[in-house]
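Visitor: Structure supplied as final.tsv; contents: TSV, C-alpha atoms.
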```
chain	number	residue	atom	x	y	z
A	678	MET	CA	0.00	0.00	0.00
A	679	GLY	CA	1.15	3.55	-0.67
A	680	ALA	CA	-0.08	5.22	2.53
A	681	GLU	CA	-0.38	4.60	6.25
A	682	ASP	CA	-1.69	6.85	9.00
A	683	GLN	CA	-0.04	7.33	12.38
A	684	GLY	CA	-1.93	10.00	14.29
A	685	ARG	CA	-1.89	13.26	12.35
A	686	VAL	CA	1.06	12.09	10.22
A	687	LYS	CA	0.59	10.19	6.99
A	688	ILE	CA	3.29	7.69	6.03
A	689	LEU	CA	3.79	7.30	2.27
A	690	ARG	CA	5.87	4.53	0.74
A	691	GLU	CA	5.42	5.18	-2.98
A	692	VAL	CA	6.43	8.09	-5.21
A	693	ALA	CA	2.99	8.18	-6.85
A	694	ALA	CA	1.28	8.62	-3.48
A	695	LEU	CA	3.68	11.40	-2.52
A	696	ARG	CA	3.09	13.25	-5.78
A	697	GLN	CA	-0.68	12.97	-5.43
A	698	THR	CA	-0.58	14.31	-1.86
A	699	VAL	CA	1.62	17.24	-2.91
A	700	ALA	CA	-0.66	17.94	-5.88
A	701	ASN	CA	-3.65	18.13	-3.53
A	702	TRP	CA	-1.81	20.63	-1.34
A	703	ARG	CA	-0.82	22.69	-4.35
A	704	ALA	CA	-4.43	22.77	-5.54
A	705	ALA	CA	-5.35	24.20	-2.13
A	706	GLY	CA	-2.74	26.94	-2.49
A	707	GLU	CA	-0.36	25.50	0.10
A	708	SER	CA	3.43	25.65	0.06
A	709	ILE	CA	5.68	22.66	0.75
A	710	ALA	CA	8.94	22.15	2.62
A	711	LEU	CA	11.05	19.00	2.37
A	712	THR	CA	13.46	17.82	5.08
A	713	PRO	CA	15.48	14.87	3.78
A	714	THR	CA	16.84	12.54	6.50
A	715	MET	CA	18.13	9.03	7.04
A	716	GLY	CA	16.09	8.70	10.23
A	717	ALA	CA	17.50	8.13	13.74
A	718	LEU	CA	16.08	11.55	14.53
A	719	HIS	CA	17.36	13.83	17.28
A	720	LYS	CA	16.85	17.46	18.30
A	721	GLY	CA	18.82	18.63	15.29
A	722	HIS	CA	16.26	17.09	12.96
A	723	VAL	CA	13.44	18.57	15.03
A	724	SER	CA	14.99	22.01	14.48
A	725	LEU	CA	14.76	21.44	10.72
A	726	VAL	CA	11.05	20.67	11.04
A	727	ALA	CA	10.53	23.77	13.20
A	728	LEU	CA	12.20	25.94	10.56
A	729	ALA	CA	10.17	24.25	7.83
A	730	ARG	CA	6.94	24.99	9.70
A	731	LYS	CA	7.84	28.68	9.74
A	732	ARG	CA	8.58	28.77	6.02
A	733	ALA	CA	5.86	26.55	4.49
A	734	SER	CA	2.29	25.37	4.96
A	735	ARG	CA	3.16	21.67	4.78
A	736	VAL	CA	6.23	19.67	5.81
A	737	VAL	CA	7.38	16.42	4.25
A	738	MET	CA	10.22	14.47	5.86
A	739	SER	CA	11.89	11.71	3.92
A	740	ILE	CA	13.31	8.84	5.95
A	741	PHE	CA	15.54	6.74	3.74
A	742	VAL	CA	18.90	5.20	4.59
A	743	ASN	CA	20.50	5.77	1.21
A	744	PRO	CA	22.79	2.92	0.12
A	745	THR	CA	24.45	4.87	-2.69
A	746	GLN	CA	26.20	7.24	-0.27
A	747	PHE	CA	27.85	4.45	1.74
A	748	ALA	CA	31.11	2.85	0.64
A	749	PRO	CA	31.44	-0.94	1.12
A	750	ASN	CA	33.55	-0.45	4.27
A	751	GLU	CA	31.04	1.96	5.90
A	752	ASP	CA	28.17	1.38	8.31
A	753	PHE	CA	25.13	1.06	6.03
A	754	GLY	CA	23.94	-2.16	7.66
A	755	ALA	CA	24.58	-0.92	11.18
A	756	TYR	CA	23.28	2.62	10.66
A	757	PRO	CA	20.68	3.28	13.41
A	758	ARG	CA	17.10	2.66	12.30
A	759	THR	CA	14.39	3.87	14.71
A	760	PHE	CA	11.41	4.40	12.42
A	761	GLY	CA	8.58	4.31	14.97
A	762	ALA	CA	10.30	6.79	17.27
A	763	ASP	CA	11.21	8.94	14.28
A	764	VAL	CA	7.58	9.21	13.15
A	765	ALA	CA	6.46	10.08	16.68
A	766	MET	CA	9.11	12.80	16.96
A	767	PHE	CA	8.17	14.22	13.56
A	768	ALA	CA	4.49	14.26	14.52
A	769	ALA	CA	5.24	16.04	17.79
A	770	ALA	CA	7.18	18.68	15.83
A	771	GLY	CA	4.14	19.38	13.65
A	772	GLY	CA	5.09	17.57	10.45
A	773	ASP	CA	2.56	16.32	7.92
A	774	VAL	CA	3.95	13.47	5.80
A	775	VAL	CA	6.76	10.98	6.17
A	776	PHE	CA	7.99	9.66	2.84
A	777	ALA	CA	9.67	6.32	3.55
A	778	PRO	CA	10.32	4.40	0.35
A	779	ASP	CA	12.20	1.13	0.30
A	780	VAL	CA	15.30	0.67	-1.83
A	781	ALA	CA	13.33	-0.93	-4.65
A	782	GLU	CA	11.01	2.09	-4.85
A	783	MET	CA	13.88	4.56	-4.86
A	784	TYR	CA	16.27	2.58	-7.05
A	785	GLY	CA	14.27	0.33	-9.34
A	786	ALA	CA	15.51	-2.65	-11.31
A	787	GLY	CA	18.35	-1.72	-13.62
A	788	PHE	CA	19.01	1.65	-11.96
A	789	SER	CA	22.23	2.94	-13.51
A	790	THR	CA	22.43	6.72	-13.05
A	791	LEU	CA	24.60	8.60	-10.55
A	792	LEU	CA	25.41	12.29	-10.70
A	793	ASN	CA	28.99	13.29	-11.44
A	794	VAL	CA	29.65	16.11	-8.96
A	795	ALA	CA	32.63	18.46	-8.73
A	796	GLY	CA	33.00	21.98	-7.29
A	797	PRO	CA	32.38	21.76	-3.52
A	798	ALA	CA	32.17	17.96	-3.87
A	799	ALA	CA	35.83	17.85	-4.89
A	800	ALA	CA	37.26	20.16	-2.24
A	801	GLY	CA	39.59	17.59	-0.68
A	802	LEU	CA	37.63	17.32	2.56
A	803	GLU	CA	35.00	14.57	3.01
A	804	ASP	CA	35.53	13.53	-0.61
A	805	GLN	CA	39.16	12.66	0.13
A	806	PHE	CA	38.04	10.02	2.62
A	807	ARG	CA	34.66	9.06	1.12
A	808	PRO	CA	35.21	9.40	-2.64
A	809	THR	CA	31.81	7.99	-3.69
A	810	HIS	CA	29.78	9.72	-1.00
A	811	PHE	CA	28.68	12.93	-2.69
A	812	ALA	CA	27.62	11.25	-5.92
A	813	GLY	CA	25.20	9.21	-3.83
A	814	VAL	CA	24.03	12.22	-1.83
A	815	ALA	CA	23.52	14.37	-4.91
A	816	THR	CA	21.63	11.61	-6.71
A	817	VAL	CA	19.23	10.82	-3.88
A	818	VAL	CA	18.57	14.50	-3.08
A	819	THR	CA	17.88	15.24	-6.74
A	820	LYS	CA	15.45	12.33	-6.83
A	821	LEU	CA	13.72	13.43	-3.62
A	822	VAL	CA	13.32	17.02	-4.83
A	823	ASN	CA	11.97	15.79	-8.17
A	824	GLN	CA	9.58	13.42	-6.41
A	825	CYS	CA	8.26	16.00	-3.92
A	826	ARG	CA	8.68	19.25	-5.89
A	827	PRO	CA	8.93	21.34	-2.71
A	828	ASP	CA	9.25	25.11	-2.53
A	829	ILE	CA	12.12	24.75	-0.07
A	830	ALA	CA	14.38	21.94	1.12
A	831	ILE	CA	16.15	22.24	4.46
A	832	PHE	CA	19.50	20.69	5.44
A	833	GLY	CA	21.57	21.02	8.59
A	834	GLU	CA	24.82	22.98	8.51
A	835	LYS	CA	26.61	20.24	10.49
A	836	ASP	CA	27.17	18.47	7.17
A	837	TYR	CA	28.51	21.69	5.69
A	838	GLN	CA	30.25	20.32	2.62
A	839	GLN	CA	27.11	18.32	1.86
A	840	LEU	CA	25.03	21.51	2.12
A	841	LYS	CA	27.32	23.30	-0.34
A	842	VAL	CA	27.21	20.35	-2.74
A	843	ILE	CA	23.40	20.32	-2.66
A	844	GLU	CA	23.22	24.09	-3.20
A	845	ARG	CA	25.47	23.69	-6.26
A	846	VAL	CA	23.46	20.78	-7.65
A	847	ALA	CA	20.19	22.66	-7.19
A	848	ARG	CA	21.57	25.65	-9.11
A	849	ASP	CA	23.24	23.62	-11.83
A	850	LEU	CA	20.26	21.34	-12.50
A	851	ASP	CA	17.52	23.95	-12.01
A	852	LEU	CA	15.79	21.86	-9.35
A	853	GLY	CA	13.43	24.71	-8.52
A	854	ALA	CA	13.60	24.38	-4.73
A	855	GLU	CA	15.28	26.93	-2.49
A	856	ILE	CA	17.99	25.16	-0.46
A	857	ILE	CA	18.14	26.39	3.13
A	858	GLY	CA	20.86	25.64	5.69
A	859	ALA	CA	19.82	25.32	9.33
A	860	PRO	CA	22.22	25.99	12.23
A	861	THR	CA	23.93	23.06	13.93
A	862	ILE	CA	22.26	21.96	17.16
A	863	ARG	CA	24.64	21.02	19.98
A	864	GLU	CA	24.70	19.38	23.37
A	865	ALA	CA	25.37	21.69	26.32
A	866	ASP	CA	29.09	20.83	26.15
A	867	GLY	CA	29.32	21.76	22.47
A	868	LEU	CA	29.19	18.32	20.81
A	869	ALA	CA	27.27	18.55	17.55
A	870	LEU	CA	24.21	16.31	17.57
A	871	SER	CA	24.59	13.32	15.26
A	872	SER	CA	22.87	9.99	14.85
A	873	ARG	CA	26.31	8.38	15.12
A	874	ASN	CA	26.96	9.79	18.62
A	875	VAL	CA	25.25	6.67	20.00
A	876	TYR	CA	28.37	4.74	18.98
A	877	LEU	CA	30.54	6.64	21.50
A	878	SER	CA	31.56	4.85	24.68
A	879	PRO	CA	31.10	6.79	27.96
A	880	GLU	CA	34.79	7.75	28.00
A	881	GLU	CA	34.73	8.75	24.35
A	882	ARG	CA	31.63	10.84	24.97
A	883	LYS	CA	33.52	12.78	27.64
A	884	ALA	CA	36.36	13.47	25.22
A	885	ALA	CA	34.20	14.25	22.17
A	886	PRO	CA	33.55	17.98	22.90
A	887	ALA	CA	37.27	18.66	22.48
A	888	LEU	CA	36.75	18.81	18.71
A	889	HIS	CA	34.33	21.73	18.86
A	890	ALA	CA	36.36	23.46	21.58
A	891	ALA	CA	39.46	23.33	19.37
A	892	LEU	CA	37.55	24.84	16.46
A	893	GLN	CA	36.28	27.64	18.70
A	894	ARG	CA	39.81	28.48	19.86
A	895	CYS	CA	41.06	28.33	16.29
A	896	ALA	CA	38.34	30.70	15.08
A	897	ALA	CA	39.02	33.10	17.96
A	898	GLY	CA	42.71	33.13	17.09
A	899	ILE	CA	42.04	33.89	13.44
A	900	ARG	CA	39.52	36.61	14.30
A	901	GLY	CA	42.12	38.11	16.62
A	902	GLY	CA	44.56	38.50	13.74
A	903	GLY	CA	46.60	35.34	14.28
A	904	ALA	CA	48.12	33.39	11.43
A	905	ILE	CA	45.70	30.80	10.07
A	906	ASP	CA	48.37	28.10	9.74
A	907	VAL	CA	49.41	28.56	13.37
A	908	ALA	CA	45.81	28.48	14.63
A	909	LEU	CA	45.12	25.30	12.63
A	910	ALA	CA	48.28	23.61	13.92
A	911	GLN	CA	47.26	24.38	17.50
A	912	ALA	CA	43.76	23.02	16.87
A	913	ARG	CA	45.13	19.79	15.39
A	914	ALA	CA	47.50	19.31	18.32
A	915	SER	CA	44.77	19.78	20.93
A	916	VAL	CA	42.39	17.40	19.12
A	917	GLU	CA	45.08	14.73	18.90
A	918	ALA	CA	45.88	15.24	22.60
A	919	ALA	CA	42.22	14.49	23.38
A	920	GLY	CA	42.56	11.07	21.75
A	921	PHE	CA	41.27	11.72	18.24
A	922	ILE	CA	42.80	10.53	14.97
A	923	ILE	CA	42.36	13.45	12.59
A	924	ASP	CA	41.20	13.13	9.01
A	925	TYR	CA	41.28	16.88	8.46
A	926	ILE	CA	41.00	20.23	10.20
A	927	GLU	CA	40.98	22.93	7.55
A	928	ALA	CA	40.09	26.58	6.94
A	929	ARG	CA	38.29	27.14	3.64
A	930	ASP	CA	36.32	29.72	1.69
A	931	ALA	CA	32.88	29.47	3.26
A	932	GLU	CA	31.03	29.42	-0.06
A	933	THR	CA	33.22	27.49	-2.49
A	934	LEU	CA	35.24	25.45	0.05
A	935	ALA	CA	38.33	26.29	-1.98
A	936	PRO	CA	41.66	26.66	-0.12
A	937	LEU	CA	42.22	30.18	1.11
A	938	ALA	CA	44.30	32.62	-0.87
A	939	ALA	CA	46.03	35.63	0.68
A	940	PRO	CA	44.78	38.18	1.34
A	941	ILE	CA	41.57	36.68	2.71
A	942	GLY	CA	38.70	38.39	0.93
A	943	ALA	CA	35.72	36.16	1.75
A	944	PRO	CA	34.11	34.54	4.80
A	945	VAL	CA	36.02	31.58	6.22
A	946	ARG	CA	34.68	28.23	7.44
A	947	LEU	CA	36.59	25.83	9.69
A	948	LEU	CA	35.78	22.20	8.90
A	949	ALA	CA	36.92	19.10	10.76
A	950	ALA	CA	36.57	15.34	10.72
A	951	ALA	CA	38.24	13.07	13.25
A	952	ARG	CA	37.82	9.57	14.65
A	953	LEU	CA	37.37	8.80	18.30
A	954	GLY	CA	37.56	5.06	18.75
A	955	LYS	CA	35.30	3.58	16.07
A	956	THR	CA	33.20	6.75	15.71
A	957	ARG	CA	33.91	9.39	13.10
A	958	LEU	CA	32.80	12.87	14.10
A	959	ILE	CA	32.50	15.92	11.86
A	960	ASP	CA	32.01	19.56	12.79
A	961	ASN	CA	32.39	23.05	11.40
A	962	ILE	CA	32.02	26.67	12.46
A	963	GLY	CA	32.22	30.06	10.81
A	964	VAL	CA	35.08	32.45	11.53
```
Could I get this file's structure written as structure tokens?

Guide:
Amino acid sequence: MGAEDQGRVKILREVAALRQTVANWRAAGESIALTPTMGALHKGHVSLVALARKRASRVVMSIFVNPTQFAPNEDFGAYPRTFGADVAMFAAAGGDVVFAPDVAEMYGAGFSTLLNVAGPAAAGLEDQFRPTHFAGVATVVTKLVNQCRPDIAIFGEKDYQQLKVIERVARDLDLGAEIIGAPTIREADGLALSSRNVYLSPEERKAAPALHAALQRCAAGIRGGGAIDVALAQARASVEAAGFIIDYIEARDAETLAPLAAPIGAPVRLLAAARLGKTRLIDNIGV
């Protein structure tokens, strides 16, 4: 069946049912926001729904653990799946429809198309460590936007390179939806909320906020006129001292993600990825 009801929220499993629902809203003069997710919702996702409610009449959340953005050595099979709790959280936040297709609905028999992405997707950050990731992200987001045809689509800034990739794809392919970035939501100690935080051991959880703290000190040093290379070196040293293995801690042009050129003439973004035990954490802040 294409639709299920859970309280005020309708659960749709098929593209045709989603398109019909959206068409009915359009006929009634309503606007639509899309919040794409892979489920395992937390307060960060709730903040996306809250922003969507302010900007549109209706809110669709997709819940789909997308296989094309996982490499063979990554955690697709183990990725947290909490669908019932996710729907309840979405309903409490005031959402309208959960679109939850299975893999066969999203990627039918013989599926053979992936987007070839460059620009922010080839910045030497996440793409250096997950070379197939952004092709999968760009493909599934393009499909979701085409399936839902929203006025706006909202993504969290925690995955900052992903946000910039999606903005570029939406411009380049004329997707028609405004892409909106929502601020990162954090725990009281600064750790960015992530579905993967559940993998942290108690000791690792105590150490995890050191990543954000190092970025804050780095940004403060740069704003105070310090040399960027020195501030980055200090950040890397403090993160390693906290027990992390660093993939990258970099300062980049906040829009293009290109390496900085002197003199600095554009806003700067600090971006980091580092592993604590078996858990890989990412974070970023503006300077």

Visitor: Identify which of the residues A:Ser739, A:Val699, A:His719, A:Val692 lies closest to Pro757 in chain A, counting all atoms listed in the file when measuring atom-to-atom distances.

Guide: A:His719

Visitor: Just the residues within 7 Å of range 731-736 of chain A, please, counting all atoms listed in the file, with nothing from its chain fewer than 6 positions along; format it as an mmCIF file with C-alpha atoms, in the frame of the given file.

Guide:
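For reference, around-v3.cif as written:
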```cif
data_model
loop_
_atom_site.group_PDB
_atom_site.id
_atom_site.type_symbol
_atom_site.label_atom_id
_atom_site.label_comp_id
_atom_site.auth_asym_id
_atom_site.auth_seq_id
_atom_site.Cartn_x
_atom_site.Cartn_y
_atom_site.Cartn_z
ATOM 1 C CA GLU A 707 -0.360 25.500 0.100
ATOM 2 C CA SER A 708 3.430 25.650 0.060
ATOM 3 C CA ILE A 709 5.680 22.660 0.750
ATOM 4 C CA ALA A 710 8.940 22.150 2.620
ATOM 5 C CA LEU A 711 11.050 19.000 2.370
ATOM 6 C CA GLY A 772 5.090 17.570 10.450
ATOM 7 C CA ASP A 773 2.560 16.320 7.920
ATOM 8 C CA VAL A 774 3.950 13.470 5.800
#
```

Visitor: Which residue is closest to Ala768 in chain A? Choose from A:Ala755, A:Val723, A:Phe741, A:Ala800 and count only C-alpha atoms.

Guide: A:Val723

Visitor: Considering only C-alpha atoms, tabulate each residue of range 705-726 of chain A that lies at most 10 Å from range 742-745 of chain A along with its nearest interatomic pair and the corresponding distance in Å to one decimal; arrange the rows by chain and ascending residue number and present them as JSON lines.

Guide:
```
{"residue": "A:Thr714", "atom": "CA", "partner": "A:Val742", "partner_atom": "CA", "distance": 7.9}
{"residue": "A:Met715", "atom": "CA", "partner": "A:Val742", "partner_atom": "CA", "distance": 4.6}
{"residue": "A:Gly716", "atom": "CA", "partner": "A:Val742", "partner_atom": "CA", "distance": 7.2}
{"residue": "A:Ala717", "atom": "CA", "partner": "A:Val742", "partner_atom": "CA", "distance": 9.7}
```

Visitor: Which residues come within 10 Å of Lys835 in chain A, counting all atoms listed in the file, excluding same-chain residues fewer than 6 positions away, as a ChimeraX atom specification?

Guide: /A:721,858-863,869-871,948,959-962

Visitor: Write the residues of the preceding selection, restricted to C-alpha atoms, as a compact mmCIF listing (two decimals), keeping the file's coordinate frame.

Guide:
```txt
# COMPACT_ATOMS: atom_id res chain seq x y z
CA GLY A 721 18.82 18.63 15.29
CA GLY A 858 20.86 25.64 5.69
CA ALA A 859 19.82 25.32 9.33
CA PRO A 860 22.22 25.99 12.23
CA THR A 861 23.93 23.06 13.93
CA ILE A 862 22.26 21.96 17.16
CA ARG A 863 24.64 21.02 19.98
CA ALA A 869 27.27 18.55 17.55
CA LEU A 870 24.21 16.31 17.57
CA SER A 871 24.59 13.32 15.26
CA LEU A 948 35.78 22.20 8.90
CA ILE A 959 32.50 15.92 11.86
CA ASP A 960 32.01 19.56 12.79
CA ASN A 961 32.39 23.05 11.40
CA ILE A 962 32.02 26.67 12.46
```

Visitor: Can you tell me how far CA of Pro944 in chain A sits from CA of Pro713 in chain A, in Å to one decimal?

Guide: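 Pair CA of Pro944 in chain A / CA of Pro713 in chain A returns 27.1 Å.
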
Visitor: Quick one: pull the distance between CA of Thr819 in chain A and CA of Asp849 in chain A, Å, one decimal.

Guide: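 One can read the CA of Thr819 in chain A to CA of Asp849 in chain A distance as 11.2 Å.
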
Visitor: Restricting the calculation to only C-alpha atoms: of A:Val907, A:Ala896, A:Val817, A:Ile831, which residue gets closest to Val737 in chain A?

Guide: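 Of A:Val907, A:Ala896, A:Val817, A:Ile831, the one nearest Val737 in chain A, counting only C-alpha atoms, is A:Ile831.
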
Visitor: Would you pick out the contacts of Gly942 in chain A at 12 Å or less, using all atoms listed in the file, so that residues sharing its chain but fewer than 6 positions from it are not included, and give the list as an mmCIF file with C-alpha atoms, keeping the file's coordinate frame?

Guide:
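Contents of out-v6.cif, freshly written:
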```cif
data_model
loop_
_atom_site.group_PDB
_atom_site.id
_atom_site.type_symbol
_atom_site.label_atom_id
_atom_site.label_comp_id
_atom_site.auth_asym_id
_atom_site.auth_seq_id
_atom_site.Cartn_x
_atom_site.Cartn_y
_atom_site.Cartn_z
ATOM 1 C CA ARG A 929 38.290 27.140 3.640
ATOM 2 C CA ASP A 930 36.320 29.720 1.690
ATOM 3 C CA ALA A 931 32.880 29.470 3.260
ATOM 4 C CA GLU A 932 31.030 29.420 -0.060
#
```

Visitor: For the point (44.7, 9.1, 16.6) in the file's frame, write as a ChimeraX atom specification all residues with an atom no more than 12 Å away, counting only C-alpha atoms.

Guide: /A:913-925,950-957

Visitor: What are the centre and the three edge lengths of an axis-aligned box that wraps all atoms of range 775-787 of chain A in the file, given that 6 Å is added to every side, written as AutoDock Vina command-line options and rounded to one decimal in Å?

Guide:
```
--center_x 12.6 --center_y 4.2 --center_z -3.7 --size_x 23.6 --size_y 25.6 --size_z 31.8
```

Visitor: Which residue, A:His889, A:Arg730, A:Arg807, A:Arg900, has the smallest gap to Phe747 in chain A when you use only C-alpha atoms?

Guide: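 Checking each candidate against Phe747 in chain A, we get A:Arg807 as the closest.
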
Visitor: Counting only C-alpha atoms, which residue out of A:Val846, A:Asp763, A:Ala705, A:Asp752 sits closest to Ile688 in chain A?

Guide: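 Smallest distance to Ile688 in chain A is found for A:Asp763.
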
Visitor: Env of Val794 in chain A: 9 Å cut, atoms = all atoms listed in the file, seq-sep filter 6 positions within chain, self excluded. Answer as a ChimeraX atom specification.

Guide: /A:811-812,815,842,846

Visitor: Limited to C-alpha atoms, could you put the picked residues into a file as an mmCIF file, in the coordinates of the input?

Guide:
```cif
data_model
loop_
_atom_site.group_PDB
_atom_site.id
_atom_site.type_symbol
_atom_site.label_atom_id
_atom_site.label_comp_id
_atom_site.auth_asym_id
_atom_site.auth_seq_id
_atom_site.Cartn_x
_atom_site.Cartn_y
_atom_site.Cartn_z
ATOM 1 C CA PHE A 811 28.680 12.930 -2.690
ATOM 2 C CA ALA A 812 27.620 11.250 -5.920
ATOM 3 C CA ALA A 815 23.520 14.370 -4.910
ATOM 4 C CA VAL A 842 27.210 20.350 -2.740
ATOM 5 C CA VAL A 846 23.460 20.780 -7.650
#
```

Visitor: Could you state the separation of CA of Leu909 in chain A and CA of Ile941 in chain A in Å, given to one decimal place?

Guide: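 If I compute the distance from CA of Leu909 in chain A to CA of Ile941 in chain A, I get 15.5 Å.
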
Visitor: Let me make sure I understand: among A:Ile856, A:Gln911, A:Ile926, A:Gln838, which one has the smallest atom-to-atom distance to Gly898 in chain A if we use all atoms listed in the file?

Guide: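 Residue with the minimum atom-to-atom distance to Gly898 in chain A: A:Gln911.
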
Visitor: Got a sec: who's within 8 Å of range 795-797 of chain A, counting only C-alpha atoms, leaving out chain neighbours fewer than 2 positions off, as a list in words?

Guide: Asn793, Ala799, Ala800, Gln838, Lys841, Val842, Arg845, Thr933, Leu934 and Ala935 of chain A

Visitor: Give as a PyMOL selection string every residue, naming chains and numbers as the document does, that has an atom within 12 Å of (0.4, 10.3, -2.8), counting all atoms listed in the file.

Guide: chain A and resi 678-681+687-702+737+774-778+824-825

Visitor: Please fill the gaps in range 743-755 of chain A so it has N, CA and C atoms, and write that as a PDB file, keeping the file's coordinate frame.

Guide:
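Saved file part24.pdb follows:
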```pdb
ATOM      1  N   ASN A 743      20.161   5.792   2.632  1.00  0.00           N
ATOM      2  CA  ASN A 743      20.500   5.770   1.210  1.00  0.00           C
ATOM      3  C   ASN A 743      21.750   4.940   0.932  1.00  0.00           C
ATOM      4  N   PRO A 744      21.611   3.784   0.301  1.00  0.00           N
ATOM      5  CA  PRO A 744      22.790   2.920   0.120  1.00  0.00           C
ATOM      6  C   PRO A 744      23.847   3.507  -0.790  1.00  0.00           C
ATOM      7  N   THR A 745      23.469   4.395  -1.713  1.00  0.00           N
ATOM      8  CA  THR A 745      24.450   4.870  -2.690  1.00  0.00           C
ATOM      9  C   THR A 745      25.458   5.855  -2.096  1.00  0.00           C
ATOM     10  N   GLN A 746      25.226   6.336  -0.873  1.00  0.00           N
ATOM     11  CA  GLN A 746      26.200   7.240  -0.270  1.00  0.00           C
ATOM     12  C   GLN A 746      27.111   6.551   0.732  1.00  0.00           C
ATOM     13  N   PHE A 747      26.982   5.229   0.858  1.00  0.00           N
ATOM     14  CA  PHE A 747      27.850   4.450   1.740  1.00  0.00           C
ATOM     15  C   PHE A 747      28.838   3.662   0.892  1.00  0.00           C
ATOM     16  N   ALA A 748      30.113   3.717   1.265  1.00  0.00           N
ATOM     17  CA  ALA A 748      31.110   2.850   0.640  1.00  0.00           C
ATOM     18  C   ALA A 748      30.992   1.450   1.252  1.00  0.00           C
ATOM     19  N   PRO A 749      31.559   0.426   0.591  1.00  0.00           N
ATOM     20  CA  PRO A 749      31.440  -0.940   1.120  1.00  0.00           C
ATOM     21  C   PRO A 749      31.975  -1.120   2.533  1.00  0.00           C
ATOM     22  N   ASN A 750      32.957  -0.303   2.939  1.00  0.00           N
ATOM     23  CA  ASN A 750      33.550  -0.450   4.270  1.00  0.00           C
ATOM     24  C   ASN A 750      32.840   0.408   5.319  1.00  0.00           C
ATOM     25  N   GLU A 751      31.734   1.074   4.968  1.00  0.00           N
ATOM     26  CA  GLU A 751      31.040   1.960   5.900  1.00  0.00           C
ATOM     27  C   GLU A 751      29.847   1.251   6.538  1.00  0.00           C
ATOM     28  N   ASP A 752      29.105   2.001   7.354  1.00  0.00           N
ATOM     29  CA  ASP A 752      28.170   1.380   8.310  1.00  0.00           C
ATOM     30  C   ASP A 752      26.729   1.343   7.819  1.00  0.00           C
ATOM     31  N   PHE A 753      26.503   1.074   6.526  1.00  0.00           N
ATOM     32  CA  PHE A 753      25.130   1.060   6.030  1.00  0.00           C
ATOM     33  C   PHE A 753      24.265   0.056   6.802  1.00  0.00           C
ATOM     34  N   GLY A 754      24.748  -1.149   6.973  1.00  0.00           N
ATOM     35  CA  GLY A 754      23.940  -2.160   7.660  1.00  0.00           C
ATOM     36  C   GLY A 754      23.707  -1.844   9.122  1.00  0.00           C
ATOM     37  N   ALA A 755      24.686  -1.220   9.756  1.00  0.00           N
ATOM     38  CA  ALA A 755      24.580  -0.920  11.180  1.00  0.00           C
ATOM     39  C   ALA A 755      24.014   0.459  11.474  1.00  0.00           C
TER      40      ALA A 755
END
```
